[in-house]
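With mmCIF, C-alpha atoms inside, this is my_file.cif:
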data_structure
#
loop_
_atom_site.group_PDB
_atom_site.id
_atom_site.type_symbol
_atom_site.label_atom_id
_atom_site.label_comp_id
_atom_site.auth_asym_id
_atom_site.auth_seq_id
_atom_site.Cartn_x
_atom_site.Cartn_y
_atom_site.Cartn_z
ATOM 1 C CA MET A 1 98.746 161.990 140.780
ATOM 2 C CA GLU A 2 102.227 161.318 139.479
ATOM 3 C CA PRO A 3 101.973 159.373 136.206
ATOM 4 C CA LEU A 4 102.606 155.648 136.337
ATOM 5 C CA ASP A 5 105.893 154.420 134.963
ATOM 6 C CA CYS A 6 103.964 152.001 132.743
ATOM 7 C CA LEU A 7 100.387 151.036 132.035
ATOM 8 C CA ILE A 8 100.132 147.435 130.813
ATOM 9 C CA ILE A 9 96.999 146.619 128.857
ATOM 10 C CA GLY A 10 96.215 142.914 128.666
ATOM 11 C CA ALA A 11 96.906 140.110 131.144
ATOM 12 C CA GLY A 12 97.834 137.132 129.043
ATOM 13 C CA ALA A 13 101.273 135.563 128.969
ATOM 14 C CA ALA A 14 102.962 138.729 127.666
ATOM 15 C CA GLY A 15 101.246 141.257 129.916
ATOM 16 C CA LEU A 16 101.610 139.228 133.107
ATOM 17 C CA SER A 17 105.253 138.424 132.478
ATOM 18 C CA ALA A 18 106.016 142.072 131.680
ATOM 19 C CA ALA A 19 104.280 143.089 134.895
ATOM 20 C CA THR A 20 106.512 140.760 136.912
ATOM 21 C CA TYR A 21 109.636 142.143 135.256
ATOM 22 C CA LEU A 22 108.630 145.763 135.811
ATOM 23 C CA ALA A 23 107.591 145.119 139.409
ATOM 24 C CA ARG A 24 110.980 143.543 140.047
ATOM 25 C CA TYR A 25 112.509 146.657 138.442
ATOM 26 C CA ARG A 26 110.641 148.573 141.188
ATOM 27 C CA ARG A 27 108.441 150.439 138.728
ATOM 28 C CA ARG A 28 105.016 151.943 139.423
ATOM 29 C CA ILE A 29 102.704 150.088 137.107
ATOM 30 C CA ALA A 30 99.078 149.182 136.599
ATOM 31 C CA LEU A 31 97.770 146.129 134.767
ATOM 32 C CA VAL A 32 94.331 146.343 133.142
ATOM 33 C CA ASP A 33 92.674 143.351 131.515
ATOM 34 C CA ALA A 34 89.387 142.741 129.696
ATOM 35 C CA ASN A 35 89.443 139.006 130.562
ATOM 36 C CA GLU A 36 89.790 137.783 126.966
ATOM 37 C CA SER A 37 93.143 135.966 127.113
ATOM 38 C CA ARG A 38 93.454 133.035 124.723
ATOM 39 C CA LEU A 39 95.249 131.132 127.499
ATOM 40 C CA GLU A 40 91.823 130.430 128.982
ATOM 41 C CA TRP A 41 90.899 128.403 125.871
ATOM 42 C CA ILE A 42 93.950 126.106 125.826
ATOM 43 C CA PRO A 43 93.141 122.574 127.101
ATOM 44 C CA THR A 44 96.817 121.662 127.517
ATOM 45 C CA SER A 45 99.947 123.271 126.133
ATOM 46 C CA HIS A 46 102.631 120.688 125.470
ATOM 47 C CA ASN A 47 105.318 122.974 124.045
ATOM 48 C CA CYS A 48 105.485 125.551 126.828
ATOM 49 C CA PRO A 49 109.026 125.398 128.241
ATOM 50 C CA ALA A 50 109.571 123.624 131.570
ATOM 51 C CA PHE A 51 106.262 121.709 131.667
ATOM 52 C CA ALA A 52 107.252 118.213 130.557
ATOM 53 C CA ASP A 53 103.728 116.818 130.913
ATOM 54 C CA GLY A 54 102.031 119.921 129.518
ATOM 55 C CA ILE A 55 99.987 122.533 131.341
ATOM 56 C CA PRO A 56 96.397 123.743 130.851
ATOM 57 C CA GLY A 57 96.197 127.339 129.677
ATOM 58 C CA PRO A 58 94.064 128.508 132.638
ATOM 59 C CA GLU A 59 96.551 126.984 135.087
ATOM 60 C CA LEU A 60 99.484 128.676 133.364
ATOM 61 C CA ARG A 61 97.678 132.009 133.492
ATOM 62 C CA ALA A 62 96.832 131.490 137.172
ATOM 63 C CA ARG A 63 100.516 130.845 137.915
ATOM 64 C CA LEU A 64 101.516 134.012 136.073
ATOM 65 C CA VAL A 65 98.905 135.992 138.011
ATOM 66 C CA ALA A 66 100.210 134.557 141.289
ATOM 67 C CA GLN A 67 103.765 135.465 140.319
ATOM 68 C CA CYS A 68 102.704 139.088 139.760
ATOM 69 C CA SER A 69 100.868 139.095 143.071
ATOM 70 C CA ASN A 70 104.089 138.152 144.859
ATOM 71 C CA TYR A 71 105.377 141.604 143.891
ATOM 72 C CA GLY A 72 102.212 143.512 144.700
ATOM 73 C CA VAL A 73 100.746 143.669 141.204
ATOM 74 C CA GLU A 74 97.053 142.921 140.905
ATOM 75 C CA VAL A 75 95.064 142.567 137.708
ATOM 76 C CA ALA A 76 92.412 145.283 137.396
ATOM 77 C CA ARG A 77 89.460 144.086 135.332
ATOM 78 C CA GLY A 78 88.408 146.716 132.836
ATOM 79 C CA VAL A 79 88.635 148.072 129.319
ATOM 80 C CA VAL A 80 90.890 150.845 128.078
ATOM 81 C CA GLN A 81 88.700 152.707 125.635
ATOM 82 C CA GLN A 82 91.138 155.292 124.359
ATOM 83 C CA LEU A 83 94.777 156.329 124.503
ATOM 84 C CA ASP A 84 95.896 159.901 123.887
ATOM 85 C CA PRO A 85 99.416 161.338 123.880
ATOM 86 C CA MET A 86 100.110 163.987 126.511
ATOM 87 C CA GLU A 87 102.039 167.177 125.972
ATOM 88 C CA GLY A 88 105.623 166.600 127.030
ATOM 89 C CA GLY A 89 105.354 162.820 126.676
ATOM 90 C CA GLY A 90 103.389 159.958 128.117
ATOM 91 C CA PHE A 91 99.796 158.902 127.637
ATOM 92 C CA LEU A 92 96.339 159.533 129.008
ATOM 93 C CA ALA A 93 94.222 156.371 129.093
ATOM 94 C CA GLN A 94 90.454 156.493 129.299
ATOM 95 C CA THR A 95 89.189 153.381 131.057
ATOM 96 C CA ASP A 96 85.759 152.293 132.216
ATOM 97 C CA ALA A 97 87.004 153.016 135.746
ATOM 98 C CA GLY A 98 88.355 156.507 135.040
ATOM 99 C CA GLU A 99 91.480 158.189 133.677
ATOM 100 C CA VAL A 100 95.039 156.910 134.061
ATOM 101 C CA THR A 101 98.241 158.674 133.070
ATOM 102 C CA ALA A 102 101.486 156.825 132.347
ATOM 103 C CA ARG A 103 104.908 157.667 130.999
ATOM 104 C CA THR A 104 104.861 154.505 128.865
ATOM 105 C CA VAL A 105 102.256 151.996 127.741
ATOM 106 C CA LEU A 106 102.724 148.322 126.923
ATOM 107 C CA LEU A 107 100.030 146.769 124.759
ATOM 108 C CA ALA A 108 99.619 143.028 125.342
ATOM 109 C CA THR A 109 96.089 142.881 123.972
ATOM 110 C CA GLY A 110 96.533 139.824 121.764
ATOM 111 C CA VAL A 111 94.120 138.546 119.150
ATOM 112 C CA ILE A 112 90.762 136.801 119.120
ATOM 113 C CA ASP A 113 90.329 133.637 117.070
ATOM 114 C CA VAL A 114 87.320 133.688 114.760
ATOM 115 C CA ALA A 115 85.262 130.815 116.142
ATOM 116 C CA PRO A 116 83.521 128.196 113.989
ATOM 117 C CA PRO A 117 79.720 128.502 113.853
ATOM 118 C CA PHE A 118 78.446 125.840 116.239
ATOM 119 C CA PRO A 119 77.353 126.089 119.877
ATOM 120 C CA GLU A 120 79.578 123.399 121.416
ATOM 121 C CA VAL A 121 82.808 125.002 120.230
ATOM 122 C CA ARG A 122 84.292 125.393 123.715
ATOM 123 C CA GLU A 123 83.597 121.754 124.592
ATOM 124 C CA ALA A 124 85.091 120.612 121.279
ATOM 125 C CA ILE A 125 88.228 122.657 121.951
ATOM 126 C CA ALA A 126 88.496 121.181 125.450
ATOM 127 C CA GLN A 127 88.310 117.680 123.931
ATOM 128 C CA GLY A 128 91.020 118.494 121.372
ATOM 129 C CA CYS A 129 88.608 118.070 118.469
ATOM 130 C CA VAL A 130 88.815 121.717 117.381
ATOM 131 C CA ARG A 131 92.198 123.361 117.231
ATOM 132 C CA TYR A 132 93.577 126.669 115.968
ATOM 133 C CA CYS A 133 97.367 126.383 115.990
ATOM 134 C CA PRO A 134 99.255 123.514 114.338
ATOM 135 C CA VAL A 135 102.532 125.077 115.487
ATOM 136 C CA CYS A 136 101.316 124.534 119.063
ATOM 137 C CA ASP A 137 99.715 121.125 118.747
ATOM 138 C CA GLY A 138 100.370 119.562 115.348
ATOM 139 C CA TYR A 139 102.206 116.804 117.197
ATOM 140 C CA GLU A 140 98.924 115.785 118.830
ATOM 141 C CA ALA A 141 97.422 115.237 115.365
ATOM 142 C CA ILE A 142 99.809 112.393 114.532
ATOM 143 C CA GLY A 143 97.859 109.421 113.204
ATOM 144 C CA ARG A 144 94.539 111.272 113.270
ATOM 145 C CA LYS A 145 92.184 112.272 110.483
ATOM 146 C CA VAL A 146 92.313 116.044 110.097
ATOM 147 C CA ALA A 147 90.203 118.589 108.235
ATOM 148 C CA VAL A 148 91.330 122.186 107.832
ATOM 149 C CA ILE A 149 88.478 124.655 107.379
ATOM 150 C CA GLY A 150 89.266 128.102 106.039
ATOM 151 C CA ARG A 151 87.890 130.964 103.983
ATOM 152 C CA GLY A 152 89.105 131.273 100.402
ATOM 153 C CA ASP A 153 92.708 130.090 100.272
ATOM 154 C CA SER A 154 93.402 130.908 103.941
ATOM 155 C CA GLY A 155 93.655 127.240 104.854
ATOM 156 C CA VAL A 156 96.173 126.203 102.204
ATOM 157 C CA GLY A 157 99.291 126.953 104.250
ATOM 158 C CA GLU A 158 97.813 125.379 107.363
ATOM 159 C CA ALA A 159 96.791 122.223 105.506
ATOM 160 C CA LEU A 160 100.282 121.845 104.063
ATOM 161 C CA PHE A 161 101.815 122.423 107.500
ATOM 162 C CA ILE A 162 99.615 119.859 109.249
ATOM 163 C CA ARG A 163 100.267 117.295 106.510
ATOM 164 C CA HIS A 164 103.704 116.827 108.110
ATOM 165 C CA PHE A 165 101.946 115.210 111.080
ATOM 166 C CA SER A 166 98.966 113.433 109.525
ATOM 167 C CA ASP A 167 98.611 111.238 106.444
ATOM 168 C CA ASP A 168 94.903 112.071 106.146
ATOM 169 C CA VAL A 169 94.316 115.792 105.650
ATOM 170 C CA SER A 170 91.424 117.466 103.854
ATOM 171 C CA LEU A 171 90.974 121.143 103.030
ATOM 172 C CA LEU A 172 87.497 122.646 103.178
ATOM 173 C CA SER A 173 86.128 126.138 102.846
ATOM 174 C CA ILE A 174 83.328 127.882 104.693
ATOM 175 C CA ASP A 175 80.766 130.322 103.207
ATOM 176 C CA ALA A 176 81.932 129.839 99.613
ATOM 177 C CA PRO A 177 83.291 127.016 97.422
ATOM 178 C CA LEU A 178 86.966 126.206 97.889
ATOM 179 C CA THR A 179 89.014 128.288 95.475
ATOM 180 C CA VAL A 180 92.774 127.955 95.111
ATOM 181 C CA ASP A 181 95.059 128.992 92.278
ATOM 182 C CA ALA A 182 96.773 126.484 90.010
ATOM 183 C CA GLY A 183 100.046 126.567 91.913
ATOM 184 C CA GLN A 184 98.356 125.991 95.248
ATOM 185 C CA ALA A 185 96.243 123.179 93.821
ATOM 186 C CA MET A 186 99.363 121.458 92.542
ATOM 187 C CA ARG A 187 101.140 121.756 95.886
ATOM 188 C CA LEU A 188 98.118 120.361 97.716
ATOM 189 C CA ARG A 189 97.967 117.386 95.341
ATOM 190 C CA GLU A 190 101.713 116.773 95.596
ATOM 191 C CA HIS A 191 101.459 116.682 99.383
ATOM 192 C CA GLY A 192 98.417 114.445 99.380
ATOM 193 C CA VAL A 193 95.959 117.002 100.774
ATOM 194 C CA ARG A 194 92.430 116.263 99.640
ATOM 195 C CA GLN A 195 90.495 119.275 98.349
ATOM 196 C CA VAL A 196 86.755 119.477 99.040
ATOM 197 C CA THR A 197 85.035 121.964 96.741
ATOM 198 C CA ALA A 198 81.533 122.225 98.255
ATOM 199 C CA PRO A 199 81.479 124.792 101.094
ATOM 200 C CA VAL A 200 80.681 123.996 104.693
ATOM 201 C CA LYS A 201 77.124 124.838 105.694
ATOM 202 C CA ALA A 202 77.213 123.743 109.345
ATOM 203 C CA VAL A 203 79.530 122.110 111.871
ATOM 204 C CA GLU A 204 78.561 119.473 114.410
ATOM 205 C CA PHE A 205 80.433 117.976 117.369
ATOM 206 C CA ASP A 206 79.799 114.391 118.462
ATOM 207 C CA ALA A 207 81.006 114.492 122.062
ATOM 208 C CA ARG A 208 80.453 110.786 122.683
ATOM 209 C CA ALA A 209 82.509 109.671 119.685
ATOM 210 C CA ARG A 210 84.856 112.675 119.915
ATOM 211 C CA MET A 211 84.364 113.337 116.215
ATOM 212 C CA MET A 212 83.714 116.453 114.173
ATOM 213 C CA HIS A 213 81.279 116.602 111.251
ATOM 214 C CA ALA A 214 80.920 119.225 108.541
ATOM 215 C CA ILE A 215 77.620 119.359 106.643
ATOM 216 C CA LEU A 216 78.267 120.690 103.159
ATOM 217 C CA HIS A 217 75.973 122.732 100.950
ATOM 218 C CA ASP A 218 75.636 119.818 98.522
ATOM 219 C CA GLY A 219 74.141 117.666 101.291
ATOM 220 C CA THR A 220 77.211 115.500 101.920
ATOM 221 C CA ARG A 221 79.148 115.222 105.177
ATOM 222 C CA GLU A 222 82.837 115.330 105.943
ATOM 223 C CA SER A 223 84.012 113.843 109.249
ATOM 224 C CA ALA A 224 87.360 114.005 111.027
ATOM 225 C CA ASP A 225 88.963 113.474 114.399
ATOM 226 C CA VAL A 226 90.211 117.073 114.425
ATOM 227 C CA PHE A 227 89.045 120.249 112.723
ATOM 228 C CA TYR A 228 91.721 122.928 112.402
ATOM 229 C CA MET A 229 90.008 126.278 111.993
ATOM 230 C CA ALA A 230 91.782 128.724 109.677
ATOM 231 C CA LEU A 231 89.123 131.425 109.835
ATOM 232 C CA GLY A 232 91.494 134.212 110.831
ATOM 233 C CA THR A 233 91.903 136.359 113.904
ATOM 234 C CA LEU A 234 90.743 139.758 115.087
ATOM 235 C CA VAL A 235 93.802 141.720 116.179
ATOM 236 C CA ASN A 236 93.261 143.941 119.215
ATOM 237 C CA SER A 237 95.464 146.771 117.947
ATOM 238 C CA GLY A 238 92.819 149.475 117.678
ATOM 239 C CA LEU A 239 94.247 151.615 120.493
ATOM 240 C CA ALA A 240 97.599 151.797 118.723
ATOM 241 C CA GLN A 241 96.139 152.195 115.258
ATOM 242 C CA ARG A 242 94.146 155.233 116.351
ATOM 243 C CA LEU A 243 97.460 156.779 117.417
ATOM 244 C CA GLY A 244 98.865 156.083 113.958
ATOM 245 C CA ALA A 245 101.067 153.116 114.859
ATOM 246 C CA ARG A 246 102.484 151.157 111.958
ATOM 247 C CA CYS A 247 100.787 147.797 111.370
ATOM 248 C CA SER A 248 100.965 144.834 109.047
ATOM 249 C CA ASP A 249 98.224 144.297 106.482
ATOM 250 C CA GLY A 250 96.486 142.061 109.020
ATOM 251 C CA GLY A 251 96.557 144.695 111.759
ATOM 252 C CA GLU A 252 99.451 143.285 113.809
ATOM 253 C CA LEU A 253 101.726 145.939 115.283
ATOM 254 C CA VAL A 254 105.194 146.429 113.831
ATOM 255 C CA VAL A 255 107.842 146.954 116.520
ATOM 256 C CA ASP A 256 111.572 147.608 116.717
ATOM 257 C CA ASP A 257 114.234 145.490 118.447
ATOM 258 C CA HIS A 258 113.058 146.825 121.828
ATOM 259 C CA GLN A 259 109.358 146.051 121.198
ATOM 260 C CA GLN A 260 108.563 149.738 120.699
ATOM 261 C CA THR A 261 105.923 150.577 118.117
ATOM 262 C CA SER A 262 106.305 153.497 115.719
ATOM 263 C CA ILE A 263 104.722 155.653 118.454
ATOM 264 C CA ASP A 264 107.325 156.885 120.946
ATOM 265 C CA GLY A 265 106.751 155.366 124.386
ATOM 266 C CA LEU A 266 104.190 152.824 123.167
ATOM 267 C CA TYR A 267 105.418 149.228 123.352
ATOM 268 C CA ALA A 268 103.758 145.957 122.349
ATOM 269 C CA ALA A 269 104.273 142.284 123.173
ATOM 270 C CA GLY A 270 102.648 138.962 122.416
ATOM 271 C CA ASP A 271 100.210 138.023 119.687
ATOM 272 C CA VAL A 272 99.262 141.643 118.904
ATOM 273 C CA VAL A 273 102.773 141.979 117.422
ATOM 274 C CA ALA A 274 103.529 140.814 113.890
ATOM 275 C CA GLY A 275 105.300 137.454 114.068
ATOM 276 C CA LEU A 276 104.928 133.960 115.468
ATOM 277 C CA ASN A 277 102.033 133.613 117.929
ATOM 278 C CA GLN A 278 103.450 131.421 120.676
ATOM 279 C CA ILE A 279 103.530 131.557 124.472
ATOM 280 C CA ALA A 280 107.323 131.329 124.506
ATOM 281 C CA VAL A 281 107.571 134.217 122.046
ATOM 282 C CA ALA A 282 105.182 136.324 124.146
ATOM 283 C CA LEU A 283 107.347 135.740 127.226
ATOM 284 C CA GLY A 284 110.435 136.821 125.297
ATOM 285 C CA HIS A 285 108.668 139.942 124.027
ATOM 286 C CA ALA A 286 107.705 140.783 127.604
ATOM 287 C CA ALA A 287 111.273 140.530 128.895
ATOM 288 C CA ILE A 288 112.603 142.715 126.072
ATOM 289 C CA ALA A 289 109.863 145.336 126.365
ATOM 290 C CA ALA A 290 109.981 145.577 130.160
ATOM 291 C CA THR A 291 113.753 145.968 130.188
ATOM 292 C CA ALA A 292 113.618 148.597 127.442
ATOM 293 C CA ILE A 293 110.955 150.513 129.378
ATOM 294 C CA HIS A 294 113.030 150.346 132.572
ATOM 295 C CA ASN A 295 116.140 151.620 130.779
ATOM 296 C CA ARG A 296 114.132 154.358 129.078
ATOM 297 C CA LEU A 297 112.774 155.555 132.424
ATOM 298 C CA ASN A 298 116.271 155.560 133.911
ATOM 299 C CA ALA A 299 117.498 157.711 131.026
ATOM 300 C CA TRP A 300 114.521 160.053 131.432
ATOM 301 C CA ARG A 301 115.252 160.387 135.180
ATOM 302 C CA ASP A 302 118.912 161.200 134.502
ATOM 303 C CA GLU A 303 117.996 163.823 131.911
ATOM 304 C CA SER A 304 115.463 165.388 134.305
ATOM 305 C CA ALA A 305 117.814 165.524 137.295
ATOM 306 C CA PRO A 306 118.684 169.070 138.395
ATOM 307 C CA GLY A 307 122.132 170.416 137.605
#
Here is the file; what I need is its structure written in the form of structure tokens.
Amino acid sequence: MEPLDCLIIGAGAAGLSAATYLARYRRRIALVDANESRLEWIPTSHNCPAFADGIPGPELRARLVAQCSNYGVEVARGVVQQLDPMEGGGFLAQTDAGEVTARTVLLATGVIDVAPPFPEVREAIAQGCVRYCPVCDGYEAIGRKVAVIGRGDSGVGEALFIRHFSDDVSLLSIDAPLTVDAGQAMRLREHGVRQVTAPVKAVEFDARARMMHAILHDGTRESADVFYMALGTLVNSGLAQRLGARCSDGGELVVDDHQQTSIDGLYAAGDVVAGLNQIAVALGHAAIAATAIHNRLNAWRDESAPG
């Protein structure tokens, strides 16, 4: 079959929005998704543009899916296992449903938050007692007791950020005692962030009281209204990395002003890209990438025209 104009991998905010743009550009596209979008974990987003009262992540994703459907784009559930460049340009994708060829590929594969080690994590997130992104929801922590749990010094920046919203912030570490350098320790003290040295052994969620509890290795407990988890993310950039795409130290893809990676014809949008992980940013990435892909395909058509 004739190659697709674009294969979009990932159906979160970036992938779905890009699909709508490309469908409206009258492009032949396919959208493949492994059903791991972080939108499904968001109880309510209060900083997503145009939703004055906030919107649950699953509802926002459902609206984006419906918008795509209006233009004939359906989400195909599946996993793209491998991408290979084709001679003369374009890509061959190996999926669990067979092979797909496309002139361009847009990666919107996002990241996966490293979850805290307790079984009720999804319920705690739904109740707003476990959070991952103070940029998204620091406002909701105003007046609440907050504990930031990280590994090593990973929580220092997050604790300092959240201190802007809460007067009661503690920094804890998991797996190993809290270790920060002298400069970090001074900044934490200056900003009134309490440092807890003993590492977290276990985490408990009290659903009735809507409280979080950390049991430390020294036998003591630390309780808070909200636990911010700074345990890192797993970046889903493996497909691009195996092609040799340039990445940050954390694995996020580095792109140009048109959202193209260092691999010609391979674009990326959303949280898989180095930068600020926000829904609004993902939507902007999608618009830029889709338009760049459309213009690229127009140029390719003109160059290929006879005469």
Give me the residues near Met1 of chain A as a ChimeraX atom specification, where near means some atom within 12 Å (using all atoms listed in the file) and where sequence neighbours in that chain fewer than 2 positions away do not count. /A:3-5,28,99-102
In terms of the shortest atom-to-atom distance over all atoms listed in the file, which of A:Asn298, A:Ser248, A:Thr233, A:Thr179 is closest to Val114 of chain A?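 Checking each of A:Asn298, A:Ser248, A:Thr233, A:Thr179 against Val114 of chain A, counting all atoms listed in the file, the winner is A:Thr233.
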Can you work out which one of A:Asp96, A:Asp225, A:Asp218, A:Asp175 has the shortest atom-to-atom distance to Val130 of chain A, counting all atoms listed in the file?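 Checking each of A:Asp96, A:Asp225, A:Asp218, A:Asp175 against Val130 of chain A, counting all atoms listed in the file, the winner is A:Asp225.
What the PyMOL selection byres ((chain A and resi 43-50) around 9) grabs from this file is Leu39, Glu40, Trp41, Ile42, Phe51, Ala52, Asp53, Gly54, Ile55, Pro56, Gly57, Pro58, Ile125, Ala126, Gln127, Gly128, Cys136, Asp137, Gln278, Ile279 and Ala280 of chain A.
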So that I have them on file, write out the residues from the current selection with C-alpha atoms, as a PDB file, in the frame of the given file.
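Final file, part.pdb:
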ATOM      1  CA  LEU A  39      95.249 131.132 127.499  1.00  0.00           C
ATOM      2  CA  GLU A  40      91.823 130.430 128.982  1.00  0.00           C
ATOM      3  CA  TRP A  41      90.899 128.403 125.871  1.00  0.00           C
ATOM      4  CA  ILE A  42      93.950 126.106 125.826  1.00  0.00           C
ATOM      5  CA  PHE A  51     106.262 121.709 131.667  1.00  0.00           C
ATOM      6  CA  ALA A  52     107.252 118.213 130.557  1.00  0.00           C
ATOM      7  CA  ASP A  53     103.728 116.818 130.913  1.00  0.00           C
ATOM      8  CA  GLY A  54     102.031 119.921 129.518  1.00  0.00           C
ATOM      9  CA  ILE A  55      99.987 122.533 131.341  1.00  0.00           C
ATOM     10  CA  PRO A  56      96.397 123.743 130.851  1.00  0.00           C
ATOM     11  CA  GLY A  57      96.197 127.339 129.677  1.00  0.00           C
ATOM     12  CA  PRO A  58      94.064 128.508 132.638  1.00  0.00           C
ATOM     13  CA  ILE A 125      88.228 122.657 121.951  1.00  0.00           C
ATOM     14  CA  ALA A 126      88.496 121.181 125.450  1.00  0.00           C
ATOM     15  CA  GLN A 127      88.310 117.680 123.931  1.00  0.00           C
ATOM     16  CA  GLY A 128      91.020 118.494 121.372  1.00  0.00           C
ATOM     17  CA  CYS A 136     101.316 124.534 119.063  1.00  0.00           C
ATOM     18  CA  ASP A 137      99.715 121.125 118.747  1.00  0.00           C
ATOM     19  CA  GLN A 278     103.450 131.421 120.676  1.00  0.00           C
ATOM     20  CA  ILE A 279     103.530 131.557 124.472  1.00  0.00           C
ATOM     21  CA  ALA A 280     107.323 131.329 124.506  1.00  0.00           C
TER      22      ALA A 280
END
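Taking atom CA of Cys133 of chain A as the reference point, atom CA of Ala76 of chain A is found at 29.0 Å.
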Counting all atoms listed in the file, the option among A:Val111, A:Val135, A:Ala185, A:Ala282 closest to Phe161 of chain A: A:Val135
I would like the residues chosen by the PyMOL selection byres ((chain A and resi 227) around 6) on the shown file; could you give them as a list in words?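 With the shown file as input, the PyMOL selection byres ((chain A and resi 227) around 6) matches Val130, Val146, Ala147, Val148, Val226 and Tyr228 of chain A.
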